[in-house]
file target27.csv (CSV, N, CA and C atoms)
chain,number,residue,atom,x,y,z
A,24,MET,N,132.1,100.0,88.3
A,24,MET,CA,132.5,101.4,88.5
A,24,MET,C,133.7,101.4,89.4
A,25,GLU,N,134.7,102.1,89.0
A,25,GLU,CA,136.0,102.3,89.7
A,25,GLU,C,135.8,103.2,90.9
A,26,PRO,N,136.4,102.9,92.0
A,26,PRO,CA,136.3,103.7,93.2
A,26,PRO,C,137.0,105.0,92.9
A,27,ALA,N,136.5,106.1,93.5
A,27,ALA,CA,137.2,107.4,93.4
A,27,ALA,C,138.4,107.4,94.3
A,28,GLY,N,139.4,108.2,93.9
A,28,GLY,CA,140.6,108.4,94.8
A,28,GLY,C,141.7,107.4,94.4
A,29,PRO,N,142.9,107.7,95.0
A,29,PRO,CA,144.0,106.9,94.7
A,29,PRO,C,143.9,105.4,95.1
A,30,VAL,N,144.5,104.5,94.4
A,30,VAL,CA,144.4,103.1,94.7
A,30,VAL,C,145.8,102.7,95.3
A,31,ARG,N,145.8,102.1,96.4
A,31,ARG,CA,147.1,101.7,97.0
A,31,ARG,C,147.2,100.2,96.8
A,32,VAL,N,148.3,99.7,96.3
A,32,VAL,CA,148.5,98.3,96.0
A,32,VAL,C,149.5,97.8,97.0
A,33,GLU,N,149.1,96.8,97.8
A,33,GLU,CA,150.0,96.2,98.8
A,33,GLU,C,150.6,94.9,98.2
A,34,ARG,N,151.9,94.8,98.2
A,34,ARG,CA,152.5,93.6,97.7
A,34,ARG,C,153.3,92.9,98.8
A,35,ARG,N,153.3,91.6,98.7
A,35,ARG,CA,154.1,90.8,99.6
A,35,ARG,C,154.6,89.5,99.0
A,36,LEU,N,155.7,89.0,99.4
A,36,LEU,CA,156.2,87.8,98.9
A,36,LEU,C,155.6,86.6,99.6
A,37,ALA,N,155.1,85.7,98.9
A,37,ALA,CA,154.4,84.5,99.5
A,37,ALA,C,154.9,83.2,98.8
A,38,ALA,N,154.8,82.2,99.5
A,38,ALA,CA,155.0,80.8,99.0
A,38,ALA,C,153.7,80.2,98.6
A,39,ILE,N,153.6,79.6,97.5
A,39,ILE,CA,152.3,79.0,97.0
A,39,ILE,C,152.5,77.5,96.8
A,40,LEU,N,151.7,76.8,97.4
A,40,LEU,CA,151.6,75.3,97.3
A,40,LEU,C,150.4,75.0,96.4
A,41,ALA,N,150.7,74.3,95.3
A,41,ALA,CA,149.6,73.9,94.4
A,41,ALA,C,149.6,72.3,94.5
A,42,ALA,N,148.4,71.8,94.7
A,42,ALA,CA,148.3,70.3,94.8
A,42,ALA,C,147.0,69.9,94.1
A,43,ASP,N,147.1,68.7,93.5
A,43,ASP,CA,145.9,68.1,92.9
A,43,ASP,C,146.0,66.6,93.0
A,44,VAL,N,144.9,65.9,92.8
A,44,VAL,CA,144.8,64.5,92.9
A,44,VAL,C,145.2,63.9,91.6
A,45,ALA,N,146.2,63.0,91.6
A,45,ALA,CA,146.6,62.3,90.4
A,45,ALA,C,145.6,61.2,90.1
A,46,GLY,N,145.1,61.2,88.8
A,46,GLY,CA,144.1,60.2,88.4
A,46,GLY,C,142.7,60.4,88.9
A,47,TYR,N,142.4,61.7,89.2
A,47,TYR,CA,141.1,62.1,89.8
A,47,TYR,C,140.0,61.6,88.9
A,48,SER,N,140.0,61.8,87.6
A,48,SER,CA,138.9,61.4,86.7
A,48,SER,C,138.7,59.9,86.8
A,49,ARG,N,139.8,59.1,86.8
A,49,ARG,CA,139.7,57.7,86.9
A,49,ARG,C,139.0,57.3,88.2
A,50,LEU,N,139.4,57.9,89.3
A,50,LEU,CA,138.8,57.6,90.6
A,50,LEU,C,137.4,57.9,90.7
A,51,ILE,N,137.0,59.1,90.1
A,51,ILE,CA,135.6,59.5,90.1
A,51,ILE,C,134.8,58.6,89.2
A,52,GLU,N,135.3,58.2,88.1
A,52,GLU,CA,134.6,57.3,87.2
A,52,GLU,C,134.3,55.9,87.9
A,53,ALA,N,135.3,55.4,88.6
A,53,ALA,CA,135.2,54.1,89.2
A,53,ALA,C,134.2,54.1,90.4
A,54,ASP,N,134.3,55.2,91.2
A,54,ASP,CA,133.5,55.3,92.5
A,54,ASP,C,133.3,56.8,92.9
A,55,GLU,N,132.4,57.5,92.3
A,55,GLU,CA,132.3,58.9,92.5
A,55,GLU,C,132.0,59.2,94.0
A,56,GLU,N,130.9,58.6,94.6
A,56,GLU,CA,130.5,58.8,95.9
A,56,GLU,C,131.6,58.5,96.9
A,57,GLY,N,132.3,57.3,96.7
A,57,GLY,CA,133.3,56.9,97.7
A,57,GLY,C,134.5,57.8,97.6
A,58,THR,N,134.9,58.3,96.4
A,58,THR,CA,136.0,59.2,96.2
A,58,THR,C,135.8,60.5,96.8
A,59,LEU,N,134.6,61.1,96.6
A,59,LEU,CA,134.3,62.4,97.2
A,59,LEU,C,134.2,62.3,98.7
A,60,ARG,N,133.6,61.2,99.2
A,60,ARG,CA,133.5,61.0,100.7
A,60,ARG,C,134.9,60.9,101.3
A,61,ARG,N,135.8,60.2,100.6
A,61,ARG,CA,137.2,60.0,101.2
A,61,ARG,C,137.9,61.4,101.1
A,62,LEU,N,137.8,62.1,100.0
A,62,LEU,CA,138.5,63.4,99.8
A,62,LEU,C,138.0,64.4,100.9
A,63,LYS,N,136.7,64.4,101.2
A,63,LYS,CA,136.2,65.3,102.2
A,63,LYS,C,136.8,64.9,103.6
A,64,ALA,N,136.8,63.6,103.9
A,64,ALA,CA,137.4,63.1,105.1
A,64,ALA,C,138.9,63.5,105.2
A,65,LEU,N,139.6,63.3,104.1
A,65,LEU,CA,141.0,63.7,104.1
A,65,LEU,C,141.2,65.2,104.4
A,66,ARG,N,140.4,66.0,103.8
A,66,ARG,CA,140.5,67.5,104.1
A,66,ARG,C,140.3,67.8,105.5
A,67,VAL,N,139.2,67.2,106.1
A,67,VAL,CA,138.9,67.5,107.5
A,67,VAL,C,139.9,66.9,108.5
A,68,GLU,N,140.3,65.7,108.3
A,68,GLU,CA,141.1,65.0,109.3
A,68,GLU,C,142.6,65.2,109.1
A,69,MET,N,143.1,65.5,107.9
A,69,MET,CA,144.5,65.5,107.6
A,69,MET,C,145.0,66.8,106.9
A,70,ILE,N,144.4,67.1,105.8
A,70,ILE,CA,144.9,68.2,104.9
A,70,ILE,C,144.8,69.6,105.6
A,71,ASP,N,143.6,70.0,106.0
A,71,ASP,CA,143.4,71.3,106.6
A,71,ASP,C,144.2,71.5,107.9
A,72,PRO,N,144.2,70.5,108.8
A,72,PRO,CA,145.0,70.6,110.0
A,72,PRO,C,146.5,70.8,109.7
A,73,LYS,N,147.0,70.1,108.7
A,73,LYS,CA,148.5,70.2,108.4
A,73,LYS,C,148.8,71.6,107.8
A,74,ILE,N,147.9,72.1,107.0
A,74,ILE,CA,148.0,73.4,106.4
A,74,ILE,C,148.0,74.5,107.6
A,75,ALA,N,147.0,74.3,108.5
A,75,ALA,CA,146.9,75.3,109.6
A,75,ALA,C,148.1,75.2,110.5
A,76,ASN,N,148.7,74.0,110.7
A,76,ASN,CA,149.8,73.8,111.6
A,76,ASN,C,151.1,74.6,111.0
A,77,ARG,N,151.1,74.7,109.7
A,77,ARG,CA,152.2,75.4,109.1
A,77,ARG,C,151.9,76.8,108.7
A,78,ARG,N,150.8,77.3,109.3
A,78,ARG,CA,150.3,78.7,109.1
A,78,ARG,C,150.0,79.0,107.6
A,79,GLY,N,149.4,78.1,106.9
A,79,GLY,CA,149.0,78.3,105.6
A,79,GLY,C,147.6,78.7,105.5
A,80,ARG,N,147.2,79.3,104.3
A,80,ARG,CA,145.8,79.7,104.1
A,80,ARG,C,145.4,79.2,102.7
A,81,ILE,N,144.3,78.5,102.7
A,81,ILE,CA,143.8,78.0,101.5
A,81,ILE,C,143.2,79.2,100.7
A,82,VAL,N,143.7,79.4,99.5
A,82,VAL,CA,143.3,80.5,98.7
A,82,VAL,C,142.2,80.1,97.7
A,83,LYS,N,142.3,78.8,97.2
A,83,LYS,CA,141.3,78.4,96.3
A,83,LYS,C,141.3,76.8,96.3
A,84,THR,N,140.0,76.3,96.1
A,84,THR,CA,139.9,74.9,96.0
A,84,THR,C,139.2,74.6,94.6
A,85,THR,N,139.5,73.4,94.1
A,85,THR,CA,138.8,73.0,92.9
A,85,THR,C,138.3,71.6,93.3
A,86,GLY,N,137.7,70.9,92.4
A,86,GLY,CA,137.2,69.5,92.7
A,86,GLY,C,138.3,68.6,93.2
A,87,ASP,N,139.5,68.7,92.6
A,87,ASP,CA,140.6,67.8,93.0
A,87,ASP,C,141.8,68.5,93.4
A,88,GLY,N,141.8,69.9,93.6
A,88,GLY,CA,143.0,70.6,93.9
A,88,GLY,C,142.8,71.7,94.9
A,89,LEU,N,144.0,72.2,95.3
A,89,LEU,CA,144.1,73.3,96.3
A,89,LEU,C,145.2,74.3,95.9
A,90,LEU,N,145.0,75.5,96.1
A,90,LEU,CA,146.1,76.5,96.1
A,90,LEU,C,146.2,77.1,97.5
A,91,VAL,N,147.4,77.0,98.1
A,91,VAL,CA,147.6,77.3,99.5
A,91,VAL,C,148.7,78.4,99.6
A,92,GLU,N,148.5,79.4,100.3
A,92,GLU,CA,149.5,80.5,100.5
A,92,GLU,C,150.2,80.3,101.9
A,93,PHE,N,151.5,80.5,101.9
A,93,PHE,CA,152.3,80.4,103.1
A,93,PHE,C,153.2,81.7,103.1
A,94,ALA,N,153.5,82.2,104.3
A,94,ALA,CA,154.4,83.3,104.4
A,94,ALA,C,155.9,82.8,104.2
A,95,SER,N,156.1,81.6,104.3
A,95,SER,CA,157.5,81.0,104.3
A,95,SER,C,157.5,79.9,103.3
A,96,VAL,N,158.6,79.9,102.4
A,96,VAL,CA,158.8,78.7,101.5
A,96,VAL,C,159.1,77.5,102.3
A,97,VAL,N,159.8,77.6,103.4
A,97,VAL,CA,160.1,76.5,104.3
A,97,VAL,C,158.8,75.8,104.8
A,98,ASP,N,157.8,76.6,105.2
A,98,ASP,CA,156.6,76.1,105.7
A,98,ASP,C,155.8,75.4,104.6
A,99,ALA,N,155.8,75.9,103.4
A,99,ALA,CA,155.2,75.3,102.2
A,99,ALA,C,155.8,74.0,101.9
A,100,VAL,N,157.1,73.9,101.8
A,100,VAL,CA,157.7,72.6,101.5
A,100,VAL,C,157.5,71.6,102.6
A,101,ARG,N,157.6,72.0,103.8
A,101,ARG,CA,157.4,71.1,105.0
A,101,ARG,C,156.0,70.6,105.0
A,102,CYS,N,155.0,71.5,104.7
A,102,CYS,CA,153.6,71.0,104.7
A,102,CYS,C,153.4,70.0,103.5
A,103,ALA,N,154.0,70.3,102.4
A,103,ALA,CA,153.9,69.3,101.2
A,103,ALA,C,154.5,68.0,101.6
A,104,ALA,N,155.6,68.0,102.2
A,104,ALA,CA,156.3,66.7,102.6
A,104,ALA,C,155.5,66.0,103.7
A,105,GLU,N,154.9,66.7,104.6
A,105,GLU,CA,154.1,66.1,105.7
A,105,GLU,C,152.8,65.5,105.0
A,106,LEU,N,152.2,66.2,104.1
A,106,LEU,CA,151.0,65.7,103.4
A,106,LEU,C,151.3,64.5,102.6
A,107,GLN,N,152.5,64.5,101.9
A,107,GLN,CA,152.8,63.3,101.1
A,107,GLN,C,153.1,62.1,102.0
A,108,ALA,N,153.7,62.3,103.1
A,108,ALA,CA,154.0,61.2,104.1
A,108,ALA,C,152.7,60.6,104.7
A,109,ALA,N,151.8,61.5,105.1
A,109,ALA,CA,150.5,61.1,105.7
A,109,ALA,C,149.6,60.4,104.6
A,110,MET,N,149.7,60.9,103.4
A,110,MET,CA,148.9,60.3,102.3
A,110,MET,C,149.4,58.9,102.0
A,111,ALA,N,150.7,58.7,102.0
A,111,ALA,CA,151.3,57.4,101.8
A,111,ALA,C,150.8,56.4,102.9
A,112,GLU,N,150.8,56.9,104.1
A,112,GLU,CA,150.4,56.0,105.2
A,112,GLU,C,148.9,55.7,105.1
A,113,SER,N,148.1,56.7,104.8
A,113,SER,CA,146.7,56.5,104.6
A,113,SER,C,146.4,55.5,103.5
A,114,ASN,N,147.2,55.6,102.4
A,114,ASN,CA,146.9,54.7,101.2
A,114,ASN,C,147.5,53.3,101.4
A,115,ASN,N,148.4,53.1,102.3
A,115,ASN,CA,149.1,51.8,102.5
A,115,ASN,C,148.1,50.6,102.5
A,116,PRO,N,147.0,50.6,103.2
A,116,PRO,CA,146.2,49.4,103.2
A,116,PRO,C,145.3,49.2,102.0
A,117,LEU,N,145.3,50.2,101.1
A,117,LEU,CA,144.3,50.2,100.0
A,117,LEU,C,145.0,49.6,98.7
A,118,PRO,N,144.1,49.0,97.9
A,118,PRO,CA,144.7,48.6,96.6
A,118,PRO,C,145.1,49.8,95.7
A,119,ALA,N,146.0,49.6,94.8
A,119,ALA,CA,146.5,50.7,94.0
A,119,ALA,C,145.5,51.5,93.3
A,120,ASP,N,144.4,50.9,92.8
A,120,ASP,CA,143.4,51.6,92.1
A,120,ASP,C,142.4,52.4,92.9
A,121,LYS,N,142.5,52.3,94.2
A,121,LYS,CA,141.7,53.1,95.2
A,121,LYS,C,142.4,54.2,95.9
A,122,ARG,N,143.7,54.3,95.7
A,122,ARG,CA,144.6,55.2,96.4
A,122,ARG,C,144.3,56.7,95.9
A,123,ILE,N,144.3,57.6,96.8
A,123,ILE,CA,144.2,59.0,96.4
A,123,ILE,C,145.6,59.6,96.7
A,124,GLU,N,146.3,60.0,95.6
A,124,GLU,CA,147.6,60.5,95.7
A,124,GLU,C,147.7,61.9,95.1
A,125,PHE,N,148.3,62.8,95.9
A,125,PHE,CA,148.4,64.2,95.5
A,125,PHE,C,149.7,64.5,94.8
A,126,ARG,N,149.7,65.3,93.8
A,126,ARG,CA,150.8,65.9,93.2
A,126,ARG,C,150.9,67.3,93.7
A,127,SER,N,152.1,67.7,94.0
A,127,SER,CA,152.2,69.1,94.6
A,127,SER,C,153.5,69.8,94.1
A,128,GLU,N,153.4,71.1,94.1
A,128,GLU,CA,154.5,71.9,93.6
A,128,GLU,C,154.4,73.2,94.5
A,129,SER,N,155.6,73.7,94.9
A,129,SER,CA,155.7,74.9,95.6
A,129,SER,C,156.5,75.9,94.8
A,130,THR,N,156.1,77.2,94.9
A,130,THR,CA,156.8,78.3,94.2
A,130,THR,C,156.7,79.6,95.0
A,131,ARG,N,157.5,80.5,94.8
A,131,ARG,CA,157.4,81.8,95.4
A,131,ARG,C,156.7,82.7,94.4
A,132,ALA,N,155.9,83.6,95.0
A,132,ALA,CA,155.2,84.6,94.1
A,132,ALA,C,154.9,85.8,94.9
A,133,THR,N,154.6,86.9,94.2
A,133,THR,CA,154.3,88.2,94.8
A,133,THR,C,152.7,88.2,94.8
A,134,SER,N,152.2,88.4,95.9
A,134,SER,CA,150.8,88.6,96.1
A,134,SER,C,150.4,90.0,96.3
A,135,SER,N,149.4,90.5,95.7
A,135,SER,CA,149.0,91.9,95.8
A,135,SER,C,147.5,92.0,96.1
A,136,SER,N,147.2,93.1,96.8
A,136,SER,CA,145.8,93.4,97.0
A,136,SER,C,145.7,94.9,96.8
A,137,ARG,N,144.5,95.3,96.4
A,137,ARG,CA,144.3,96.8,96.1
A,137,ARG,C,143.2,97.3,97.1
A,138,THR,N,143.5,98.5,97.6
A,138,THR,CA,142.5,99.2,98.4
A,138,THR,C,142.4,100.6,97.9
A,139,ALA,N,141.2,101.1,97.8
A,139,ALA,CA,140.9,102.4,97.3
A,139,ALA,C,140.7,103.4,98.5
A,140,THR,N,141.3,104.5,98.3
A,140,THR,CA,141.1,105.6,99.3
A,140,THR,C,140.0,106.5,98.7
A,141,SER,N,138.9,106.6,99.5
A,141,SER,CA,137.8,107.5,99.0
A,141,SER,C,138.1,108.9,99.4
A,142,LEU,N,137.9,109.8,98.4
A,142,LEU,CA,138.1,111.3,98.6
A,142,LEU,C,136.7,111.9,98.6
A,143,ALA,N,136.4,112.5,99.7
A,143,ALA,CA,135.1,113.2,99.7
A,143,ALA,C,135.3,114.7,99.3
A,144,THR,N,134.3,115.1,98.5
A,144,THR,CA,134.4,116.6,98.2
A,144,THR,C,133.2,117.3,98.8
A,145,GLY,N,133.4,118.5,99.2
A,145,GLY,CA,132.3,119.1,99.9
A,145,GLY,C,132.3,120.6,99.9

call {"tool": "encode", "arguments": {"input": "target27.csv", "output": "structure tokens"}}
result
Amino acid sequence: MEPAGPVRVERRLAAILAADVAGYSRLIEADEEGTLRRLKALRVEMIDPKIANRRGRIVKTTGDGLLVEFASVVDAVRCAAELQAAMAESNNPLPADKRIEFRSESTRATSSSRTATSLATG
């Protein structure tokens, strides 16, 4: 049911960072529990703190990916670069077939949200 009254749409320009794990299916097939355990640790120890440090907000997660919103394109790109550098360091001691590597892309987009104003009749 649609709310009564006018709907106000708020729009703002945002930077979106999309990232996912390259070769996720291969990693899961080879070692599902180990891959999921490592991804969870990476989120807690590295990914989420770097996003927070750049004032990002995780909009959506998938099994192997993230959509993150930033107010600034500069923050989105810097966060992606920091994550890539940290992942390279984390992967350094691992054999190539065990490495978790993220692909990422940044873009600008218009974000909108709707709010309804209720009109009472009496």

call {"tool": "closest_residue", "arguments": {"input": "target27.csv", "among": "A:Ile81, A:Leu89, A:Ile74, A:Leu59", "to": "Ala42 (chain A)", "atoms": "only N, CA and C atoms"}}
result
A:Leu89

call {"tool": "atom_distance", "arguments": {"input": "target27.csv", "atom1": "CA of Lys73 (chain A)", "atom2": "atom C of Thr130 (chain A)"}}
result
18.3 Å

call {"tool": "atom_distance", "arguments": {"input": "target27.csv", "atom1": "atom N of Ala119 (chain A)", "atom2": "atom C of Ala103 (chain A)"}}
result
21.4 Å

call {"tool": "residues_near_point", "arguments": {"input": "target27.csv", "point": "(146.1, 71.6, 92.6)", "cutoff": "6 Å", "atoms": "all atoms listed in the file", "output": "number ranges by chain"}}
result
A: 41-44, 87-90

call {"tool": "residues_around", "arguments": {"input": "target27.csv", "residues": "Ala94 (chain A)", "least_positions_apart": "4", "cutoff": "6 Å", "atoms": "only N, CA and C atoms", "output": "list in words"}}
result
Leu36, Ala37, Ala38 and Arg78 of chain A

call {"tool": "closest_residue", "arguments": {"input": "target27.csv", "among": "A:Glu105, A:Val96, A:Thr85, A:Gly46", "to": "Arg131 (chain A)", "atoms": "only N, CA and C atoms"}}
result
A:Val96

call {"tool": "residues_around", "arguments": {"input": "target27.csv", "residues": "Arg122 (chain A)", "least_positions_apart": "5", "cutoff": "8 Å", "atoms": "all atoms listed in the file", "output": "VMD selection string"}}
result
chain A and resid 45 50 113 to 115 117

call {"tool": "write_last_selection", "arguments": {"input": "target27.csv", "atoms": "N, CA and C atoms", "output": "PDB file, in the frame of the given file"}}
result
ATOM      1  N   ALA A  45     146.200  63.000  91.600  1.00  0.00           N
ATOM      2  CA  ALA A  45     146.600  62.300  90.400  1.00  0.00           C
ATOM      3  C   ALA A  45     145.600  61.200  90.100  1.00  0.00           C
ATOM      4  N   LEU A  50     139.400  57.900  89.300  1.00  0.00           N
ATOM      5  CA  LEU A  50     138.800  57.600  90.600  1.00  0.00           C
ATOM      6  C   LEU A  50     137.400  57.900  90.700  1.00  0.00           C
ATOM      7  N   SER A 113     148.100  56.700 104.800  1.00  0.00           N
ATOM      8  CA  SER A 113     146.700  56.500 104.600  1.00  0.00           C
ATOM      9  C   SER A 113     146.400  55.500 103.500  1.00  0.00           C
ATOM     10  N   ASN A 114     147.200  55.600 102.400  1.00  0.00           N
ATOM     11  CA  ASN A 114     146.900  54.700 101.200  1.00  0.00           C
ATOM     12  C   ASN A 114     147.500  53.300 101.400  1.00  0.00           C
ATOM     13  N   ASN A 115     148.400  53.100 102.300  1.00  0.00           N
ATOM     14  CA  ASN A 115     149.100  51.800 102.500  1.00  0.00           C
ATOM     15  C   ASN A 115     148.100  50.600 102.500  1.00  0.00           C
ATOM     16  N   LEU A 117     145.300  50.200 101.100  1.00  0.00           N
ATOM     17  CA  LEU A 117     144.300  50.200 100.000  1.00  0.00           C
ATOM     18  C   LEU A 117     145.000  49.600  98.700  1.00  0.00           C
TER      19      LEU A 117
END

call {"tool": "closest_residue", "arguments": {"input": "target27.csv", "among": "A:Asp120, A:Glu68, A:Thr133, A:Ser127", "to": "Ala53 (chain A)", "atoms": "only C-alpha atoms"}}
result
A:Asp120

call {"tool": "atom_distance", "arguments": {"input": "target27.csv", "atom1": "atom C of Ala64 (chain A)", "atom2": "atom N of Lys83 (chain A)"}}
result
17.6 Å

call {"tool": "select_by_dssp", "arguments": {"input": "target27.csv", "residues": "chain A", "states": "alpha helix (DSSP H)", "output": "ChimeraX atom specification"}}
result
/A:47-65,71-76,96-114
